[in-house]
>>> print(open('work07.cif').read())   # mmCIF, C-alpha atoms
data_start
#
loop_
_atom_site.label_atom_id
_atom_site.label_comp_id
_atom_site.auth_asym_id
_atom_site.auth_seq_id
_atom_site.Cartn_x
_atom_site.Cartn_y
_atom_site.Cartn_z
CA MET Y 411 -51.47 34.59 -29.18
CA LEU Y 412 -49.11 32.90 -26.67
CA PHE Y 413 -51.61 30.19 -25.70
CA SER Y 414 -53.19 29.62 -29.09
CA ASN Y 415 -53.27 26.17 -30.59
CA ASN Y 416 -50.57 27.25 -32.99
CA ASN Y 417 -48.19 28.03 -30.14
CA CYS Y 418 -48.93 25.16 -27.73
CA LYS Y 419 -46.37 22.75 -29.18
CA PRO Y 420 -43.47 25.24 -29.28
CA LEU Y 421 -44.26 26.37 -25.72
CA GLY Y 422 -44.40 22.75 -24.48
CA SER Y 423 -41.08 22.02 -26.17
CA LEU Y 424 -39.55 25.04 -24.46
CA PHE Y 425 -40.74 23.85 -21.05
CA LEU Y 426 -39.37 20.35 -21.78
CA LEU Y 427 -36.01 21.81 -22.78
CA LEU Y 428 -35.85 23.91 -19.61
CA PHE Y 429 -36.70 20.86 -17.49
CA ILE Y 430 -33.93 18.81 -19.09
CA CYS Y 431 -31.47 21.65 -18.52
CA LEU Y 432 -32.44 21.81 -14.85
CA LEU Y 433 -31.90 18.06 -14.47
CA VAL Y 434 -28.45 18.25 -16.08
CA SER Y 435 -27.54 21.25 -13.95
CA SER Y 436 -28.65 19.43 -10.82
CA ALA Y 437 -26.60 16.37 -11.72
CA HIS Y 438 -23.50 18.48 -12.24
CA ALA Y 439 -24.02 20.41 -9.00
CA LYS Y 440 -22.45 17.52 -7.05
CA TYR Y 441 -19.04 18.55 -8.32
CA SER Y 442 -17.36 21.60 -9.83
CA GLY Y 443 -17.95 20.80 -13.48
CA GLY Y 444 -17.48 18.03 -16.00
CA THR Y 445 -19.67 15.15 -17.09
CA GLY Y 446 -17.63 12.21 -15.84
CA GLU Y 447 -16.68 11.11 -19.36
CA PRO Y 448 -13.02 10.37 -20.26
CA ASN Y 449 -12.72 13.59 -22.31
CA ASN Y 450 -14.59 15.67 -19.70
CA PRO Y 451 -14.01 14.22 -16.20
CA TYR Y 452 -15.80 15.49 -13.12
CA ARG Y 453 -13.80 18.37 -11.66
CA ILE Y 454 -12.99 18.01 -7.96
CA ALA Y 455 -12.17 21.43 -6.54
CA ASP Y 456 -12.84 21.26 -2.78
CA ALA Y 457 -13.45 18.98 0.19
CA ASN Y 458 -17.19 18.81 -0.45
CA ASP Y 459 -16.59 17.61 -4.02
CA MET Y 460 -14.26 14.91 -2.71
CA ASP Y 461 -16.73 13.76 -0.09
CA GLN Y 462 -19.59 13.68 -2.57
CA ILE Y 463 -17.86 11.10 -4.76
CA GLY Y 464 -18.20 8.57 -1.98
CA ALA Y 465 -21.78 9.61 -1.33
CA HIS Y 466 -22.81 8.90 -4.95
CA ASP Y 467 -22.01 5.29 -5.79
CA GLU Y 468 -23.71 5.74 -9.16
CA ASP Y 469 -20.61 7.73 -10.16
CA TRP Y 470 -18.02 5.13 -9.15
CA GLU Y 471 -17.50 4.13 -12.79
CA ALA Y 472 -16.84 7.72 -13.90
CA HIS Y 473 -13.69 9.76 -14.52
CA PHE Y 474 -12.49 12.40 -12.05
CA VAL Y 475 -9.71 14.98 -11.95
CA LEU Y 476 -8.46 17.15 -9.08
CA VAL Y 477 -8.16 20.81 -9.98
CA ASN Y 478 -7.02 22.10 -6.54
CA ASP Y 479 -5.27 20.90 -3.40
CA ILE Y 480 -7.90 19.72 -0.91
CA ASN Y 481 -8.05 19.87 2.89
CA LEU Y 482 -10.18 17.20 4.58
CA ALA Y 483 -9.51 18.40 8.13
CA ASP Y 484 -13.20 19.08 8.80
CA TYR Y 485 -14.04 15.38 8.27
CA THR Y 486 -13.34 13.41 11.44
CA GLY Y 487 -14.32 10.05 12.87
CA THR Y 488 -16.10 8.23 10.06
CA SER Y 489 -17.77 11.29 8.53
CA PHE Y 490 -15.87 11.19 5.22
CA HIS Y 491 -17.64 9.12 2.56
CA ARG Y 492 -15.12 6.57 1.32
CA ILE Y 493 -14.97 6.00 -2.44
CA GLY Y 494 -15.75 2.38 -3.22
CA GLU Y 495 -17.41 0.36 -0.50
CA ASP Y 496 -15.63 -3.00 -0.58
CA TRP Y 497 -14.54 -5.91 -2.79
CA ASP Y 498 -18.12 -6.44 -3.99
CA LYS Y 499 -18.87 -2.77 -4.60
CA PRO Y 500 -15.60 -1.08 -5.60
CA PHE Y 501 -14.59 2.12 -7.35
CA THR Y 502 -14.07 1.12 -10.99
CA GLY Y 503 -13.47 4.51 -12.60
CA VAL Y 504 -10.44 6.73 -13.13
CA PHE Y 505 -9.17 9.28 -10.62
CA ASP Y 506 -6.39 11.62 -11.72
CA GLY Y 507 -4.89 13.63 -8.88
CA ASN Y 508 -3.31 15.87 -11.49
CA GLY Y 509 -0.33 16.47 -9.20
CA HIS Y 510 -2.48 17.92 -6.41
CA ALA Y 511 -2.56 16.98 -2.73
CA VAL Y 512 -5.29 15.76 -0.43
CA ASN Y 513 -4.34 16.96 3.05
CA ASN Y 514 -5.42 15.81 6.52
CA PHE Y 515 -7.41 12.70 5.77
CA ASN Y 516 -8.56 11.71 9.27
CA TRP Y 517 -10.28 8.49 10.23
CA SER Y 518 -11.08 7.00 13.60
CA SER Y 519 -13.24 3.92 14.20
CA ASN Y 520 -13.30 0.46 15.73
CA THR Y 521 -15.88 -1.35 13.62
CA GLU Y 522 -14.90 -0.65 10.03
CA MET Y 523 -13.21 -2.55 7.22
CA TYR Y 524 -11.79 -1.20 3.95
CA ILE Y 525 -10.48 2.01 5.49
CA GLY Y 526 -8.95 4.61 3.18
CA ILE Y 527 -9.92 7.49 0.93
CA PHE Y 528 -10.84 4.68 -1.45
CA GLY Y 529 -12.42 1.73 0.32
CA TYR Y 530 -11.66 -0.60 -2.59
CA ILE Y 531 -10.22 0.13 -6.04
CA GLY Y 532 -11.60 -2.47 -8.44
CA GLU Y 533 -10.30 -4.20 -11.56
CA GLY Y 534 -9.88 -1.95 -14.58
CA SER Y 535 -9.75 1.21 -12.46
CA ARG Y 536 -6.85 3.67 -12.20
CA VAL Y 537 -5.78 6.11 -9.50
CA ALA Y 538 -2.81 8.29 -10.39
CA ASN Y 539 -0.79 11.42 -9.61
CA LEU Y 540 -2.22 11.90 -6.12
CA PHE Y 541 -0.40 13.08 -3.00
CA LEU Y 542 -1.75 12.39 0.48
CA LYS Y 543 -0.23 14.58 3.17
CA ASP Y 544 -0.58 14.39 6.95
CA PHE Y 545 -3.09 11.55 7.04
CA TYR Y 546 -4.02 10.29 10.49
CA ILE Y 547 -5.81 6.97 10.87
CA VAL Y 548 -6.79 5.29 14.14
CA ALA Y 549 -8.49 1.89 13.94
CA GLN Y 550 -9.21 0.53 17.38
CA ASN Y 551 -9.65 -3.17 18.10
CA GLY Y 552 -13.35 -3.86 18.12
CA GLY Y 553 -12.79 -7.22 19.85
CA GLY Y 554 -10.84 -5.79 22.78
CA GLY Y 555 -7.52 -6.98 24.17
CA GLN Y 556 -5.93 -9.74 22.11
CA LEU Y 557 -9.19 -10.81 20.49
CA PRO Y 558 -9.35 -10.34 16.71
CA GLY Y 559 -11.31 -7.22 15.91
CA PRO Y 560 -12.99 -6.27 12.65
CA ASN Y 561 -10.16 -4.01 11.44
CA LYS Y 562 -8.95 -5.30 8.09
CA TYR Y 563 -7.78 -3.74 4.83
CA ILE Y 564 -6.46 -0.39 6.04
CA GLY Y 565 -4.44 2.14 4.05
CA ALA Y 566 -4.41 5.91 3.63
CA LEU Y 567 -5.09 5.71 -0.11
CA ALA Y 568 -7.10 2.50 -0.23
CA GLY Y 569 -8.17 -0.39 1.94
CA GLY Y 570 -7.71 -2.68 -1.05
CA ASN Y 571 -6.69 -2.50 -4.71
CA SER Y 572 -7.28 -4.74 -7.72
CA GLY Y 573 -6.71 -1.98 -10.26
CA THR Y 574 -3.74 0.27 -11.06
CA ILE Y 575 -2.16 2.80 -8.71
CA VAL Y 576 0.61 4.90 -10.20
CA ASN Y 577 2.64 7.91 -9.12
CA CYS Y 578 1.00 8.35 -5.71
CA GLN Y 579 2.53 9.36 -2.39
CA ALA Y 580 1.31 9.15 1.19
CA SER Y 581 2.80 10.63 4.35
CA GLY Y 582 1.35 10.52 7.85
CA SER Y 583 0.65 8.14 10.70
CA LEU Y 584 -1.53 5.08 11.13
CA TRP Y 585 -2.30 3.32 14.40
CA ALA Y 586 -4.42 0.21 14.80
CA GLY Y 587 -5.35 -2.00 17.72
CA GLY Y 588 -4.53 -5.68 18.08
CA GLY Y 589 -6.32 -8.06 15.73
CA SER Y 590 -5.86 -5.74 12.74
CA LYS Y 591 -4.89 -7.38 9.46
CA GLU Y 592 -3.58 -6.20 6.11
CA VAL Y 593 -2.47 -2.71 7.05
CA GLY Y 594 -0.19 -0.45 5.00
CA ALA Y 595 0.52 3.26 4.76
CA LEU Y 596 -0.66 3.32 1.12
CA VAL Y 597 -2.93 0.26 0.78
CA GLY Y 598 -3.97 -2.60 3.00
CA PHE Y 599 -4.24 -5.27 0.30
CA ASN Y 600 -2.91 -5.17 -3.25
CA GLY Y 601 -4.06 -7.62 -5.91
CA GLY Y 602 -3.41 -5.22 -8.78
CA THR Y 603 -0.46 -3.05 -9.81
CA ILE Y 604 1.29 -0.35 -7.79
CA SER Y 605 4.13 1.52 -9.47
CA ASN Y 606 6.19 4.66 -8.86
CA CYS Y 607 4.63 5.19 -5.44
CA SER Y 608 6.12 6.06 -2.04
CA THR Y 609 5.22 6.41 1.62
CA SER Y 610 6.67 8.05 4.72
CA GLY Y 611 5.68 8.40 8.36
CA SER Y 612 4.72 5.55 10.69
CA VAL Y 613 2.54 2.45 10.87
CA THR Y 614 2.12 1.17 14.42
CA ILE Y 615 0.04 -1.84 15.41
CA ALA Y 616 -0.48 -2.76 19.06
CA GLY Y 617 -1.15 -6.39 19.90
CA PHE Y 618 -1.71 -9.53 17.82
CA ASP Y 619 -1.90 -8.71 14.13
CA ASP Y 620 -0.84 -9.93 10.66
CA TYR Y 621 0.45 -8.48 7.40
CA ILE Y 622 1.72 -5.02 8.27
CA GLY Y 623 3.81 -3.04 5.76
CA GLY Y 624 5.25 0.40 5.14
CA LEU Y 625 3.62 0.61 1.70
CA ALA Y 626 1.23 -2.37 1.54
CA GLY Y 627 0.10 -4.82 4.17
CA ARG Y 628 -0.33 -7.73 1.79
CA ASN Y 629 0.65 -7.99 -1.88
CA TYR Y 630 -0.64 -10.60 -4.31
CA GLY Y 631 -0.13 -8.43 -7.38
CA LEU Y 632 2.83 -6.41 -8.64
CA ILE Y 633 4.71 -3.64 -6.84
CA SER Y 634 7.43 -1.98 -8.91
CA LYS Y 635 9.65 1.08 -8.62
CA CYS Y 636 8.25 2.01 -5.22
CA TYR Y 637 9.85 2.95 -1.93
CA SER Y 638 8.98 3.47 1.71
CA THR Y 639 10.76 5.37 4.46
CA THR Y 640 7.97 4.47 6.87
CA THR Y 641 8.76 3.19 10.37
CA VAL Y 642 6.78 -0.01 10.88
CA SER Y 643 5.86 -1.88 14.05
CA GLY Y 644 3.63 -4.96 14.18
CA SER Y 645 3.46 -8.62 15.10
CA ILE Y 646 3.47 -11.27 12.33
CA CYS Y 647 4.55 -10.72 8.71
CA VAL Y 648 5.90 -7.21 9.15
CA GLY Y 649 7.97 -5.48 6.46
CA GLY Y 650 9.40 -2.07 5.66
CA LEU Y 651 7.68 -2.15 2.26
CA VAL Y 652 5.28 -5.13 2.39
CA GLY Y 653 4.12 -7.33 5.25
CA GLU Y 654 3.42 -10.40 3.13
CA ASN Y 655 4.47 -10.61 -0.51
CA GLY Y 656 2.69 -13.41 -2.29
CA GLY Y 657 3.12 -11.65 -5.63
CA GLU Y 658 6.08 -9.78 -7.09
CA VAL Y 659 8.16 -6.84 -5.87
CA MET Y 660 10.65 -5.36 -8.33
CA GLU Y 661 13.08 -2.43 -8.30
CA SER Y 662 11.84 -1.15 -4.96
CA TYR Y 663 13.35 -0.33 -1.59
CA ALA Y 664 12.61 0.45 2.06
CA SER Y 665 14.67 2.49 4.53
CA GLY Y 666 12.51 2.66 7.66
CA ASN Y 667 13.18 0.69 10.84
CA VAL Y 668 10.99 -2.39 11.33
CA SER Y 669 10.01 -4.32 14.46
CA GLY Y 670 7.78 -7.32 15.07
CA GLN Y 671 7.57 -10.81 16.56
CA ASN Y 672 7.72 -13.30 13.71
CA ARG Y 673 8.54 -13.06 9.99
CA VAL Y 674 10.01 -9.58 10.11
CA GLY Y 675 12.05 -8.05 7.29
CA GLY Y 676 13.51 -4.73 6.20
CA LEU Y 677 11.64 -5.07 2.89
CA ALA Y 678 9.13 -7.89 3.46
CA GLY Y 679 8.18 -10.09 6.40
CA TYR Y 680 7.29 -13.02 4.15
CA SER Y 681 8.05 -13.11 0.44
CA GLN Y 682 7.79 -15.26 -2.67
CA ASN Y 683 9.35 -13.16 -5.43
CA VAL Y 684 11.72 -10.20 -5.06
CA GLU Y 685 13.96 -8.86 -7.82
CA SER Y 686 16.44 -5.96 -7.74
CA CYS Y 687 15.38 -4.55 -4.37
CA TYR Y 688 17.12 -3.36 -1.21
CA ALA Y 689 16.52 -2.39 2.41
CA THR Y 690 18.59 -0.16 4.68
CA GLY Y 691 16.51 0.07 7.88
CA ASN Y 692 17.27 -1.77 11.12
CA VAL Y 693 15.19 -4.83 11.91
CA SER Y 694 14.18 -6.13 15.34
CA GLY Y 695 12.16 -9.32 15.65
CA GLY Y 696 11.67 -12.64 17.37
CA SER Y 697 12.05 -15.56 14.97
CA ASP Y 698 12.54 -15.35 11.19
CA ALA Y 699 14.09 -11.89 11.06
CA GLY Y 700 16.08 -10.67 8.07
CA GLY Y 701 17.63 -7.44 6.85
CA LEU Y 702 15.69 -7.83 3.59
CA ILE Y 703 13.20 -10.66 4.13
CA GLY Y 704 12.09 -12.50 7.24
CA GLU Y 705 10.99 -15.71 5.52
CA ASN Y 706 11.79 -16.43 1.86
CA ASP Y 707 9.41 -18.83 0.11
CA GLY Y 708 10.30 -18.20 -3.52
CA THR Y 709 13.08 -16.35 -5.33
CA THR Y 710 15.10 -13.41 -4.03
CA ALA Y 711 17.56 -12.17 -6.64
CA ASN Y 712 19.94 -9.27 -7.27
CA SER Y 713 19.09 -7.64 -3.95
CA TYR Y 714 20.81 -6.48 -0.78
CA ALA Y 715 20.37 -5.29 2.81
CA THR Y 716 22.57 -3.01 4.93
CA GLY Y 717 20.58 -2.57 8.15
CA ASP Y 718 21.33 -4.19 11.50
CA VAL Y 719 19.22 -7.23 12.40
CA ARG Y 720 18.41 -8.62 15.85
CA GLY Y 721 16.15 -11.46 16.87
CA SER Y 722 15.80 -14.62 18.90
CA SER Y 723 16.21 -17.31 16.22
CA GLU Y 724 16.49 -17.72 12.43
CA VAL Y 725 18.15 -14.33 12.07
CA GLY Y 726 20.09 -13.33 8.96
CA GLY Y 727 21.65 -10.21 7.50
CA LEU Y 728 19.67 -10.77 4.30
CA VAL Y 729 17.08 -13.48 5.04
CA GLY Y 730 15.98 -15.07 8.31
CA SER Y 731 14.73 -18.41 6.91
CA ASN Y 732 14.90 -19.86 3.40
CA PHE Y 733 12.19 -22.42 2.66
CA LEU Y 734 12.59 -25.73 0.86
CA SER Y 735 13.35 -25.21 -2.88
CA SER Y 736 13.44 -21.42 -2.45
CA GLN Y 737 16.29 -19.44 -4.01
CA ILE Y 738 18.63 -16.64 -3.00
CA LEU Y 739 20.67 -15.47 -5.99
CA ASN Y 740 23.31 -12.78 -6.56
CA SER Y 741 22.58 -10.93 -3.34
CA TYR Y 742 24.46 -9.61 -0.29
CA ALA Y 743 24.22 -8.22 3.24
CA THR Y 744 26.47 -5.99 5.33
CA GLY Y 745 24.50 -5.21 8.52
CA LEU Y 746 25.32 -6.27 12.09
CA VAL Y 747 23.52 -9.50 12.98
CA GLY Y 748 22.60 -10.55 16.51
CA SER Y 749 20.77 -13.78 17.37
CA TYR Y 750 20.00 -14.34 21.03
CA THR Y 751 19.41 -18.10 20.95
CA TYR Y 752 20.26 -20.01 17.76
CA HIS Y 753 20.35 -19.98 13.95
CA GLY Y 754 22.00 -16.64 13.33
CA GLY Y 755 24.06 -15.94 10.20
CA GLY Y 756 25.70 -13.11 8.31
CA LEU Y 757 23.65 -13.78 5.17
CA LEU Y 758 21.06 -16.37 6.16
CA GLY Y 759 19.91 -17.60 9.57
CA TYR Y 760 18.36 -20.92 8.54
CA ASN Y 761 18.17 -22.78 5.23
CA GLU Y 762 15.70 -25.63 4.71
CA SER Y 763 17.45 -27.20 1.70
CA GLY Y 764 16.91 -24.04 -0.34
CA ILE Y 765 19.24 -22.85 -3.10
CA VAL Y 766 21.80 -20.13 -2.39
CA GLU Y 767 24.08 -19.03 -5.21
CA ASN Y 768 26.68 -16.30 -5.69
CA SER Y 769 25.67 -14.41 -2.56
CA PHE Y 770 27.88 -12.72 0.04
CA TRP Y 771 28.00 -11.19 3.48
CA ASP Y 772 30.51 -8.91 5.19
CA ILE Y 773 32.06 -10.90 8.03
CA GLU Y 774 33.44 -7.76 9.69
CA SER Y 775 30.44 -5.43 9.68
CA SER Y 776 28.01 -8.29 10.40
CA GLY Y 777 30.05 -9.67 13.32
CA GLN Y 778 29.30 -13.13 11.91
CA GLN Y 779 31.80 -15.68 10.66
CA TYR Y 780 29.01 -18.12 9.82
CA SER Y 781 25.96 -18.23 7.59
CA ALA Y 782 23.54 -20.94 6.56
CA GLY Y 783 23.26 -21.58 2.83
CA GLY Y 784 26.22 -23.81 2.07
CA SER Y 785 28.91 -22.94 -0.45
CA GLY Y 786 26.69 -20.44 -2.23
CA ALA Y 787 26.80 -18.16 0.80
CA MET Y 788 30.27 -16.64 0.97
CA GLY Y 789 31.74 -14.51 3.74
CA ARG Y 790 34.16 -11.75 2.81
CA THR Y 791 36.02 -8.96 4.56
CA THR Y 792 34.89 -5.37 4.04
CA VAL Y 793 37.71 -4.82 1.53
CA GLN Y 794 36.91 -8.03 -0.33
CA MET Y 795 33.24 -7.04 -0.52
CA GLN Y 796 34.26 -4.04 -2.62
CA ILE Y 797 36.14 -6.07 -5.23
CA ILE Y 798 34.27 -6.15 -8.54
CA SER Y 799 34.46 -9.95 -8.82
CA THR Y 800 32.66 -10.22 -5.48
#
>>> encode(input="work07.cif", output="structure tokens")
Amino acid sequence: MLFSNNNCKPLGSLFLLLFICLLVSSAHAKYSGGTGEPNNPYRIADANDMDQIGAHDEDWEAHFVLVNDINLADYTGTSFHRIGEDWDKPFTGVFDGNGHAVNNFNWSSNTEMYIGIFGYIGEGSRVANLFLKDFYIVAQNGGGGQLPGPNKYIGALAGGNSGTIVNCQASGSLWAGGGSKEVGALVGFNGGTISNCSTSGSVTIAGFDDYIGGLAGRNYGLISKCYSTTTVSGSICVGGLVGENGGEVMESYASGNVSGQNRVGGLAGYSQNVESCYATGNVSGGSDAGGLIGENDGTTANSYATGDVRGSSEVGGLVGSNFLSSQILNSYATGLVGSYTYHGGGLLGYNESGIVENSFWDIESSGQQYSAGGSGAMGRTTVQMQIIST
């Protein structure tokens, strides 16, 4: 008989097995398949799947893969659940975009930090092969007027990163009110590695703000083989690729126009280490404005700038100001340079006993016969600039 003593144990085991299956099925129902393991990542197939990652912080150490393009247009304001809350509670898993796009990420708020599809990407994590299209971010100033608001760490992909971001693209527009800090089209703050990534569109900040960049607002890690065509407008430490570079930028470039008030550069507003990079966008600033770097506080080598540069003081075709013991090596500039008050130069606007070696500027295209930097900064005609020895 079904309920005899002989059958009780098998029947109980069957019920237990069914219960376990229901639990597993329920766990998997959050996404479109997978277990979250490296060899079987959670499958993200639609906007609901994407939103649910942020809603389930217990999964932030798991592996994910996109299997379709995704449209987030239905999520407005702050309704999308960001993945990774902040520095203390980040996403630490792996997210493979698999060559797919996330479209129409929209965000609008005035009281949030760590704004992006990923709030914070932690150490050991990896986000790759993801394309963000038509993002639109508005971060108002919670303080009002010129008062510092709470807006900090803002980027379409991530507010902040301490992990690895590779082969990602972002295109769209970002607007933030005065008082915003560490704002970039891809990430707000980078303390990890970003490689083979690009951005396009616009980043516009109104009012008093710091560290605004076309790709990253502030970099204290490594950025390599990246580029930005983003138009950037801000206040202090504003750059076509990076607002403030306290880390390393290598083999990267920026082509968007850049405007700001202080420490404004075609590639970086403030920089410590740049190698084999270039900028082609026009730069408009107040003091410390440069075609490549606004204020150099380390080593800039094997790099160049071709955009026009205008500012009030410390204005250079390549670098606005070169700090004490900093170096400019094997680099050149060709853009028109205009300084409205003082310290304007074809290559370098102002040099505070820094080292300048084997670097050149075009005296014809720049409109400048002079440059700071001593004998290591050499002016040449357009024809001479094209000679191999130069």
>>> closest_residue(input="work07.cif", among="Y:Phe490, Y:Trp771, Y:Tyr485, Y:Phe515", to="Phe545 (chain Y)", atoms="only C-alpha atoms")
Y:Phe515
>>> resolve_selection(input="work07.cif", expression="the PyMOL selection byres ((chain Y and resi 581) around 7)", output="MDAnalysis selection string")
chainID Y and resid 542:545 579:580 582 609:611
>>> residues_around(input="work07.cif", residues="Cys607 (chain Y)", least_positions_apart="5", cutoff="12 Å", atoms="only C-alpha atoms", output="mmCIF file with C-alpha atoms, in the frame of the given file")
data_model
loop_
_atom_site.group_PDB
_atom_site.id
_atom_site.type_symbol
_atom_site.label_atom_id
_atom_site.label_comp_id
_atom_site.auth_asym_id
_atom_site.auth_seq_id
_atom_site.Cartn_x
_atom_site.Cartn_y
_atom_site.Cartn_z
ATOM 1 C CA VAL Y 537 -5.780 6.110 -9.500
ATOM 2 C CA ALA Y 538 -2.810 8.290 -10.390
ATOM 3 C CA ASN Y 539 -0.790 11.420 -9.610
ATOM 4 C CA LEU Y 540 -2.220 11.900 -6.120
ATOM 5 C CA PHE Y 541 -0.400 13.080 -3.000
ATOM 6 C CA LEU Y 542 -1.750 12.390 0.480
ATOM 7 C CA LEU Y 567 -5.090 5.710 -0.110
ATOM 8 C CA THR Y 574 -3.740 0.270 -11.060
ATOM 9 C CA ILE Y 575 -2.160 2.800 -8.710
ATOM 10 C CA VAL Y 576 0.610 4.900 -10.200
ATOM 11 C CA ASN Y 577 2.640 7.910 -9.120
ATOM 12 C CA CYS Y 578 1.000 8.350 -5.710
ATOM 13 C CA GLN Y 579 2.530 9.360 -2.390
ATOM 14 C CA ALA Y 580 1.310 9.150 1.190
ATOM 15 C CA SER Y 581 2.800 10.630 4.350
ATOM 16 C CA ALA Y 595 0.520 3.260 4.760
ATOM 17 C CA LEU Y 596 -0.660 3.320 1.120
ATOM 18 C CA VAL Y 597 -2.930 0.260 0.780
ATOM 19 C CA GLY Y 624 5.250 0.400 5.140
ATOM 20 C CA LEU Y 625 3.620 0.610 1.700
ATOM 21 C CA ALA Y 626 1.230 -2.370 1.540
ATOM 22 C CA ILE Y 633 4.710 -3.640 -6.840
ATOM 23 C CA SER Y 634 7.430 -1.980 -8.910
ATOM 24 C CA LYS Y 635 9.650 1.080 -8.620
ATOM 25 C CA CYS Y 636 8.250 2.010 -5.220
ATOM 26 C CA TYR Y 637 9.850 2.950 -1.930
ATOM 27 C CA SER Y 638 8.980 3.470 1.710
ATOM 28 C CA THR Y 639 10.760 5.370 4.460
ATOM 29 C CA LEU Y 651 7.680 -2.150 2.260
ATOM 30 C CA GLU Y 661 13.080 -2.430 -8.300
ATOM 31 C CA SER Y 662 11.840 -1.150 -4.960
ATOM 32 C CA TYR Y 663 13.350 -0.330 -1.590
ATOM 33 C CA ALA Y 664 12.610 0.450 2.060
#
>>> resolve_selection(input="work07.cif", expression="the PyMOL selection byres ((chain Y and resi 704-709) around 6)", output="list in words")
Arg673, Val674, Gly675, Gly679, Tyr680, Ser681, Gln682, Asn683, Asp698, Ala699, Gly700, Ile703, Thr710, Val729, Gly730, Ser731, Asn732, Phe733, Ser736 and Gln737 of chain Y
>>> residues_around(input="work07.cif", residues="Asp456 (chain Y)", least_positions_apart="5", cutoff="8 Å", atoms="all atoms listed in the file", output="VMD selection string")
chain Y and resid 478 to 481
>>> resolve_selection(input="work07.cif", expression="the PyMOL selection byres ((chain Y and resi 467) around 9)", output="number ranges by chain")
Y: 463-466, 468-471, 493-495, 499, 501
>>> residues_around(input="work07.cif", residues="Asn667 (chain Y)", least_positions_apart="6", cutoff="8 Å", atoms="only C-alpha atoms", output="ChimeraX atom specification")
/Y:640-642,650,676,691-693
>>> closest_residue(input="work07.cif", among="Y:Gly759, Y:Gly532, Y:Gly777, Y:Pro500", to="Gly745 (chain Y)", atoms="all atoms listed in the file")
Y:Gly777
>>> closest_residue(input="work07.cif", among="Y:Val593, Y:Val652, Y:Ile547, Y:Ala787", to="Ser519 (chain Y)", atoms="only C-alpha atoms")
Y:Ile547
>>> closest_residue(input="work07.cif", among="Y:Gln796, Y:Gly755, Y:Asn761, Y:Glu724", to="Gln778 (chain Y)", atoms="only C-alpha atoms")
Y:Gly755
>>> atom_distance(input="work07.cif", atom1="CA of Glu447 (chain Y)", atom2="CA of Gly509 (chain Y)")
20.0 Å
>>> atom_distance(input="work07.cif", atom1="CA of Leu746 (chain Y)", atom2="CA of Ser769 (chain Y)")
16.8 Å
